[in-house]
Amino acid sequence: MDYKEFSGETISEQDKAFAQEFANFANGRMCSAERTGRELTKAHRYLQQQMFKVCIGFMRQLAINYQRGFYDERNKWASHLAAVAYDRLTEDNFIYDPEYTNFKMQ
């Protein structure tokens with residue numbers, strides 16, 4: 001299975017469009033990840049919460065990909081770091097995710 005294809009997953013066209021636009025932005029249009037991150041903190045507090053949920057969702061999927069070996073040298077650092085961070089968040093009960101915890105135990 002290609003790691004980009006998660007069969008059975010449902011996602012809206014708006015979500016797909018955002019993900020593609022964000023990938024395009026990160027691929028050459030971004031001046032600085034740190035400055036962009038700082039700029040995002042200027043959004044309304046509720047929106048910051050929602051944006052952070054997207055970050056956690058991205059981290060979770062990178063962690064799952066790392067556990068399954070769905071990475072290569074180009075994204076090994078991000079995948080490994082995501083796995084370490086997500087492991088810690090679930091182990092310390094900051095995030096309740098029995099599906100991920102059970103997956104890791106296999």
# chains A, B, ... in the order shown; residues from 1 in each chain; ligands from 1

call {"tool": "residues_around", "arguments": {"residues": "region 61-72 of chain A", "least_positions_apart": "6", "cutoff": "7 Å", "atoms": "only C-alpha atoms", "output": "number ranges by chain"}}
result
A: 3, 79-80, 82-83, 86

call {"tool": "write_last_selection", "arguments": {"atoms": "C-alpha atoms", "output": "PDB file, in the first residue's frame"}}
result
ATOM      1  CA  TYR A   3       1.582   5.342   2.397  1.00  0.00           C
ATOM      2  CA  SER A  79       8.385  11.157  11.214  1.00  0.00           C
ATOM      3  CA  HIS A  80      10.710  10.031  13.997  1.00  0.00           C
ATOM      4  CA  ALA A  82       6.501  13.021  15.575  1.00  0.00           C
ATOM      5  CA  ALA A  83       6.545   9.423  16.846  1.00  0.00           C
ATOM      6  CA  TYR A  86       3.132  11.535  20.125  1.00  0.00           C
TER       7      TYR A  86
END

call {"tool": "residues_around", "arguments": {"residues": "region 96-98 of chain A", "least_positions_apart": "5", "cutoff": "12 Å", "atoms": "only C-alpha atoms", "output": "count of residues only"}}
result
13

call {"tool": "select_by_dssp", "arguments": {"residues": "chain A", "states": "alpha helix (DSSP H)", "output": "JSON, numbers by chain"}}
result
{"A": [13, 14, 15, 16, 17, 18, 19, 20, 21, 22, 23, 24, 33, 34, 35, 36, 37, 38, 39, 40, 45, 46, 47, 48, 49, 50, 51, 52, 53, 54, 55, 56, 57, 58, 59, 60, 61, 62, 63, 64, 65, 66, 67, 68, 76, 77, 78, 79, 80, 81, 82, 83, 84, 85, 86, 87, 88, 89, 90, 91, 98, 99, 100, 101, 102, 103, 104, 105]}

call {"tool": "closest_atom_pairs", "arguments": {"of": "region 51-93 of chain A", "to": "region 19-38 of chain A", "cutoff": "12 Å", "atoms": "only C-alpha atoms", "output": "Markdown table"}}
result
| residue | atom | partner | partner_atom | distance |
| --- | --- | --- | --- | --- |
| A:Met51 | CA | A:Gly37 | CA | 10.7 |
| A:Phe52 | CA | A:Gly37 | CA | 10.8 |
| A:Val54 | CA | A:Ala19 | CA | 10.4 |
| A:Cys55 | CA | A:Gly37 | CA | 11.2 |
| A:Phe58 | CA | A:Ala19 | CA | 10.5 |

call {"tool": "write_last_selection", "arguments": {"atoms": "all heavy atoms", "output": "PDB file, in the first residue's frame"}}
result
ATOM      1  N   MET A  51      -6.446  25.182  14.940  1.00  0.00           N
ATOM      2  CA  MET A  51      -5.235  24.989  14.139  1.00  0.00           C
ATOM      3  C   MET A  51      -4.294  23.999  14.821  1.00  0.00           C
ATOM      4  O   MET A  51      -3.658  23.172  14.152  1.00  0.00           O
ATOM      5  CB  MET A  51      -4.535  26.330  13.894  1.00  0.00           C
ATOM      6  CG  MET A  51      -5.288  27.228  12.951  1.00  0.00           C
ATOM      7  SD  MET A  51      -4.396  28.734  12.486  1.00  0.00           S
ATOM      8  CE  MET A  51      -4.435  29.684  13.998  1.00  0.00           C
ATOM      9  N   PHE A  52      -4.234  24.053  16.149  1.00  0.00           N
ATOM     10  CA  PHE A  52      -3.364  23.125  16.864  1.00  0.00           C
ATOM     11  C   PHE A  52      -3.866  21.693  16.716  1.00  0.00           C
ATOM     12  O   PHE A  52      -3.067  20.756  16.626  1.00  0.00           O
ATOM     13  CB  PHE A  52      -3.240  23.512  18.340  1.00  0.00           C
ATOM     14  CG  PHE A  52      -2.123  22.788  19.032  1.00  0.00           C
ATOM     15  CD1 PHE A  52      -0.801  23.072  18.733  1.00  0.00           C
ATOM     16  CD2 PHE A  52      -2.392  21.804  19.957  1.00  0.00           C
ATOM     17  CE1 PHE A  52       0.239  22.395  19.356  1.00  0.00           C
ATOM     18  CE2 PHE A  52      -1.367  21.118  20.588  1.00  0.00           C
ATOM     19  CZ  PHE A  52      -0.050  21.408  20.289  1.00  0.00           C
ATOM     20  N   VAL A  54      -5.140  20.487  14.072  1.00  0.00           N
ATOM     21  CA  VAL A  54      -4.609  20.055  12.777  1.00  0.00           C
ATOM     22  C   VAL A  54      -3.151  19.632  12.943  1.00  0.00           C
ATOM     23  O   VAL A  54      -2.736  18.597  12.399  1.00  0.00           O
ATOM     24  CB  VAL A  54      -4.750  21.164  11.710  1.00  0.00           C
ATOM     25  CG1 VAL A  54      -4.053  20.765  10.418  1.00  0.00           C
ATOM     26  CG2 VAL A  54      -6.216  21.496  11.460  1.00  0.00           C
ATOM     27  N   CYS A  55      -2.380  20.397  13.704  1.00  0.00           N
ATOM     28  CA  CYS A  55      -0.974  20.039  13.950  1.00  0.00           C
ATOM     29  C   CYS A  55      -0.868  18.676  14.630  1.00  0.00           C
ATOM     30  O   CYS A  55      -0.031  17.856  14.247  1.00  0.00           O
ATOM     31  CB  CYS A  55      -0.294  21.097  14.821  1.00  0.00           C
ATOM     32  SG  CYS A  55      -0.096  22.687  14.042  1.00  0.00           S
ATOM     33  N   PHE A  58      -1.667  15.928  12.177  1.00  0.00           N
ATOM     34  CA  PHE A  58      -0.522  15.709  11.288  1.00  0.00           C
ATOM     35  C   PHE A  58       0.563  14.920  12.017  1.00  0.00           C
ATOM     36  O   PHE A  58       1.114  13.949  11.489  1.00  0.00           O
ATOM     37  CB  PHE A  58      -0.003  17.070  10.813  1.00  0.00           C
ATOM     38  CG  PHE A  58       1.173  17.005   9.880  1.00  0.00           C
ATOM     39  CD1 PHE A  58       1.143  16.260   8.720  1.00  0.00           C
ATOM     40  CD2 PHE A  58       2.319  17.735  10.162  1.00  0.00           C
ATOM     41  CE1 PHE A  58       2.222  16.217   7.849  1.00  0.00           C
ATOM     42  CE2 PHE A  58       3.401  17.697   9.301  1.00  0.00           C
ATOM     43  CZ  PHE A  58       3.359  16.941   8.151  1.00  0.00           C
TER      44      PHE A  58
END

call {"tool": "decode", "arguments": {"residues": "region 19-54 of chain A", "atoms": "N, CA, C and O atoms", "output": "PDB file, in the first residue's frame"}}
result
ATOM      1  N   ALA A  19      -4.953  21.083   2.304  1.00  0.00           N
ATOM      2  CA  ALA A  19      -3.727  20.293   2.435  1.00  0.00           C
ATOM      3  C   ALA A  19      -2.804  20.523   1.239  1.00  0.00           C
ATOM      4  O   ALA A  19      -1.585  20.675   1.403  1.00  0.00           O
ATOM      5  N   GLN A  20      -3.362  20.570   0.036  1.00  0.00           N
ATOM      6  CA  GLN A  20      -2.544  20.817  -1.156  1.00  0.00           C
ATOM      7  C   GLN A  20      -1.976  22.230  -1.152  1.00  0.00           C
ATOM      8  O   GLN A  20      -0.805  22.434  -1.469  1.00  0.00           O
ATOM      9  N   GLU A  21      -2.784  23.208  -0.780  1.00  0.00           N
ATOM     10  CA  GLU A  21      -2.302  24.594  -0.724  1.00  0.00           C
ATOM     11  C   GLU A  21      -1.215  24.758   0.326  1.00  0.00           C
ATOM     12  O   GLU A  21      -0.225  25.446   0.103  1.00  0.00           O
ATOM     13  N   PHE A  22      -1.379  24.101   1.465  1.00  0.00           N
ATOM     14  CA  PHE A  22      -0.357  24.188   2.509  1.00  0.00           C
ATOM     15  C   PHE A  22       0.938  23.527   2.044  1.00  0.00           C
ATOM     16  O   PHE A  22       2.035  24.047   2.282  1.00  0.00           O
ATOM     17  N   ALA A  23       0.831  22.386   1.363  1.00  0.00           N
ATOM     18  CA  ALA A  23       2.020  21.728   0.811  1.00  0.00           C
ATOM     19  C   ALA A  23       2.719  22.647  -0.186  1.00  0.00           C
ATOM     20  O   ALA A  23       3.949  22.774  -0.175  1.00  0.00           O
ATOM     21  N   ASN A  24       1.940  23.311  -1.035  1.00  0.00           N
ATOM     22  CA  ASN A  24       2.522  24.256  -1.989  1.00  0.00           C
ATOM     23  C   ASN A  24       3.209  25.410  -1.277  1.00  0.00           C
ATOM     24  O   ASN A  24       4.296  25.848  -1.667  1.00  0.00           O
ATOM     25  N   PHE A  25       2.580  25.905  -0.223  1.00  0.00           N
ATOM     26  CA  PHE A  25       3.157  26.997   0.561  1.00  0.00           C
ATOM     27  C   PHE A  25       4.488  26.574   1.186  1.00  0.00           C
ATOM     28  O   PHE A  25       5.485  27.293   1.116  1.00  0.00           O
ATOM     29  N   ALA A  26       4.515  25.385   1.787  1.00  0.00           N
ATOM     30  CA  ALA A  26       5.733  24.898   2.435  1.00  0.00           C
ATOM     31  C   ALA A  26       6.834  24.602   1.415  1.00  0.00           C
ATOM     32  O   ALA A  26       8.015  24.638   1.742  1.00  0.00           O
ATOM     33  N   ASN A  27       6.452  24.344   0.178  1.00  0.00           N
ATOM     34  CA  ASN A  27       7.394  23.993  -0.877  1.00  0.00           C
ATOM     35  C   ASN A  27       7.834  25.231  -1.663  1.00  0.00           C
ATOM     36  O   ASN A  27       7.613  25.339  -2.856  1.00  0.00           O
ATOM     37  N   GLY A  28       8.447  26.174  -0.968  1.00  0.00           N
ATOM     38  CA  GLY A  28       9.077  27.282  -1.672  1.00  0.00           C
ATOM     39  C   GLY A  28       8.471  28.653  -1.476  1.00  0.00           C
ATOM     40  O   GLY A  28       9.098  29.649  -1.800  1.00  0.00           O
ATOM     41  N   ARG A  29       7.247  28.729  -0.973  1.00  0.00           N
ATOM     42  CA  ARG A  29       6.655  30.045  -0.781  1.00  0.00           C
ATOM     43  C   ARG A  29       6.799  30.553   0.651  1.00  0.00           C
ATOM     44  O   ARG A  29       6.566  31.721   0.914  1.00  0.00           O
ATOM     45  N   MET A  30       7.192  29.685   1.559  1.00  0.00           N
ATOM     46  CA  MET A  30       7.328  30.064   2.960  1.00  0.00           C
ATOM     47  C   MET A  30       8.688  30.713   3.179  1.00  0.00           C
ATOM     48  O   MET A  30       9.716  30.178   2.778  1.00  0.00           O
ATOM     49  N   CYS A  31       8.673  31.843   3.831  1.00  0.00           N
ATOM     50  CA  CYS A  31       9.912  32.542   4.153  1.00  0.00           C
ATOM     51  C   CYS A  31      10.601  31.913   5.364  1.00  0.00           C
ATOM     52  O   CYS A  31      11.794  31.672   5.350  1.00  0.00           O
ATOM     53  N   SER A  32       9.826  31.642   6.408  1.00  0.00           N
ATOM     54  CA  SER A  32      10.388  31.124   7.647  1.00  0.00           C
ATOM     55  C   SER A  32       9.313  30.350   8.403  1.00  0.00           C
ATOM     56  O   SER A  32       8.249  30.902   8.704  1.00  0.00           O
ATOM     57  N   ALA A  33       9.594  29.097   8.750  1.00  0.00           N
ATOM     58  CA  ALA A  33       8.639  28.299   9.516  1.00  0.00           C
ATOM     59  C   ALA A  33       8.385  28.939  10.877  1.00  0.00           C
ATOM     60  O   ALA A  33       7.245  28.990  11.347  1.00  0.00           O
ATOM     61  N   GLU A  34       9.436  29.437  11.501  1.00  0.00           N
ATOM     62  CA  GLU A  34       9.293  30.071  12.815  1.00  0.00           C
ATOM     63  C   GLU A  34       8.426  31.327  12.735  1.00  0.00           C
ATOM     64  O   GLU A  34       7.510  31.514  13.541  1.00  0.00           O
ATOM     65  N   ARG A  35       8.677  32.168  11.747  1.00  0.00           N
ATOM     66  CA  ARG A  35       7.887  33.398  11.617  1.00  0.00           C
ATOM     67  C   ARG A  35       6.446  33.111  11.221  1.00  0.00           C
ATOM     68  O   ARG A  35       5.520  33.778  11.688  1.00  0.00           O
ATOM     69  N   THR A  36       6.259  32.115  10.384  1.00  0.00           N
ATOM     70  CA  THR A  36       4.899  31.731  10.011  1.00  0.00           C
ATOM     71  C   THR A  36       4.153  31.206  11.233  1.00  0.00           C
ATOM     72  O   THR A  36       3.001  31.565  11.468  1.00  0.00           O
ATOM     73  N   GLY A  37       4.818  30.384  12.021  1.00  0.00           N
ATOM     74  CA  GLY A  37       4.219  29.889  13.256  1.00  0.00           C
ATOM     75  C   GLY A  37       3.855  31.019  14.197  1.00  0.00           C
ATOM     76  O   GLY A  37       2.770  31.029  14.794  1.00  0.00           O
ATOM     77  N   ARG A  38       4.728  31.993  14.310  1.00  0.00           N
ATOM     78  CA  ARG A  38       4.453  33.151  15.159  1.00  0.00           C
ATOM     79  C   ARG A  38       3.245  33.921  14.638  1.00  0.00           C
ATOM     80  O   ARG A  38       2.393  34.358  15.412  1.00  0.00           O
ATOM     81  N   GLU A  39       3.159  34.067  13.342  1.00  0.00           N
ATOM     82  CA  GLU A  39       2.034  34.784  12.737  1.00  0.00           C
ATOM     83  C   GLU A  39       0.713  34.067  13.008  1.00  0.00           C
ATOM     84  O   GLU A  39      -0.311  34.709  13.248  1.00  0.00           O
ATOM     85  N   LEU A  40       0.746  32.743  12.989  1.00  0.00           N
ATOM     86  CA  LEU A  40      -0.469  31.980  13.263  1.00  0.00           C
ATOM     87  C   LEU A  40      -1.003  32.224  14.675  1.00  0.00           C
ATOM     88  O   LEU A  40      -2.206  32.106  14.912  1.00  0.00           O
ATOM     89  N   THR A  41      -0.118  32.577  15.591  1.00  0.00           N
ATOM     90  CA  THR A  41      -0.571  32.837  16.969  1.00  0.00           C
ATOM     91  C   THR A  41      -1.325  34.148  17.096  1.00  0.00           C
ATOM     92  O   THR A  41      -1.870  34.439  18.163  1.00  0.00           O
ATOM     93  N   LYS A  42      -1.404  34.896  16.029  1.00  0.00           N
ATOM     94  CA  LYS A  42      -2.177  36.146  16.047  1.00  0.00           C
ATOM     95  C   LYS A  42      -3.655  35.896  15.746  1.00  0.00           C
ATOM     96  O   LYS A  42      -4.474  36.798  15.882  1.00  0.00           O
ATOM     97  N   ALA A  43      -3.986  34.685  15.361  1.00  0.00           N
ATOM     98  CA  ALA A  43      -5.386  34.341  15.068  1.00  0.00           C
ATOM     99  C   ALA A  43      -6.191  34.342  16.362  1.00  0.00           C
ATOM    100  O   ALA A  43      -5.641  34.266  17.474  1.00  0.00           O
ATOM    101  N   HIS A  44      -7.482  34.393  16.220  1.00  0.00           N
ATOM    102  CA  HIS A  44      -8.396  34.327  17.362  1.00  0.00           C
ATOM    103  C   HIS A  44      -8.058  33.096  18.203  1.00  0.00           C
ATOM    104  O   HIS A  44      -7.671  32.058  17.670  1.00  0.00           O
ATOM    105  N   ARG A  45      -8.209  33.202  19.506  1.00  0.00           N
ATOM    106  CA  ARG A  45      -7.819  32.108  20.418  1.00  0.00           C
ATOM    107  C   ARG A  45      -8.526  30.790  20.083  1.00  0.00           C
ATOM    108  O   ARG A  45      -7.919  29.725  20.130  1.00  0.00           O
ATOM    109  N   TYR A  46      -9.799  30.840  19.730  1.00  0.00           N
ATOM    110  CA  TYR A  46     -10.508  29.616  19.341  1.00  0.00           C
ATOM    111  C   TYR A  46      -9.876  29.015  18.089  1.00  0.00           C
ATOM    112  O   TYR A  46      -9.684  27.797  17.993  1.00  0.00           O
ATOM    113  N   LEU A  47      -9.518  29.864  17.131  1.00  0.00           N
ATOM    114  CA  LEU A  47      -8.903  29.366  15.905  1.00  0.00           C
ATOM    115  C   LEU A  47      -7.533  28.766  16.175  1.00  0.00           C
ATOM    116  O   LEU A  47      -7.137  27.803  15.532  1.00  0.00           O
ATOM    117  N   GLN A  48      -6.812  29.332  17.139  1.00  0.00           N
ATOM    118  CA  GLN A  48      -5.524  28.742  17.520  1.00  0.00           C
ATOM    119  C   GLN A  48      -5.734  27.313  18.005  1.00  0.00           C
ATOM    120  O   GLN A  48      -4.960  26.416  17.661  1.00  0.00           O
ATOM    121  N   GLN A  49      -6.782  27.107  18.787  1.00  0.00           N
ATOM    122  CA  GLN A  49      -7.103  25.770  19.290  1.00  0.00           C
ATOM    123  C   GLN A  49      -7.386  24.821  18.127  1.00  0.00           C
ATOM    124  O   GLN A  49      -6.889  23.696  18.081  1.00  0.00           O
ATOM    125  N   GLN A  50      -8.170  25.273  17.161  1.00  0.00           N
ATOM    126  CA  GLN A  50      -8.514  24.449  16.010  1.00  0.00           C
ATOM    127  C   GLN A  50      -7.286  24.169  15.142  1.00  0.00           C
ATOM    128  O   GLN A  50      -7.098  23.050  14.657  1.00  0.00           O
ATOM    129  N   MET A  51      -6.446  25.182  14.940  1.00  0.00           N
ATOM    130  CA  MET A  51      -5.235  24.989  14.139  1.00  0.00           C
ATOM    131  C   MET A  51      -4.294  23.999  14.821  1.00  0.00           C
ATOM    132  O   MET A  51      -3.658  23.172  14.152  1.00  0.00           O
ATOM    133  N   PHE A  52      -4.234  24.053  16.149  1.00  0.00           N
ATOM    134  CA  PHE A  52      -3.364  23.125  16.864  1.00  0.00           C
ATOM    135  C   PHE A  52      -3.866  21.693  16.716  1.00  0.00           C
ATOM    136  O   PHE A  52      -3.067  20.756  16.626  1.00  0.00           O
ATOM    137  N   LYS A  53      -5.188  21.507  16.648  1.00  0.00           N
ATOM    138  CA  LYS A  53      -5.732  20.172  16.416  1.00  0.00           C
ATOM    139  C   LYS A  53      -5.262  19.621  15.072  1.00  0.00           C
ATOM    140  O   LYS A  53      -4.996  18.416  14.946  1.00  0.00           O
ATOM    141  N   VAL A  54      -5.140  20.487  14.072  1.00  0.00           N
ATOM    142  CA  VAL A  54      -4.609  20.055  12.777  1.00  0.00           C
ATOM    143  C   VAL A  54      -3.151  19.632  12.943  1.00  0.00           C
ATOM    144  O   VAL A  54      -2.736  18.597  12.399  1.00  0.00           O
TER     145      VAL A  54
END
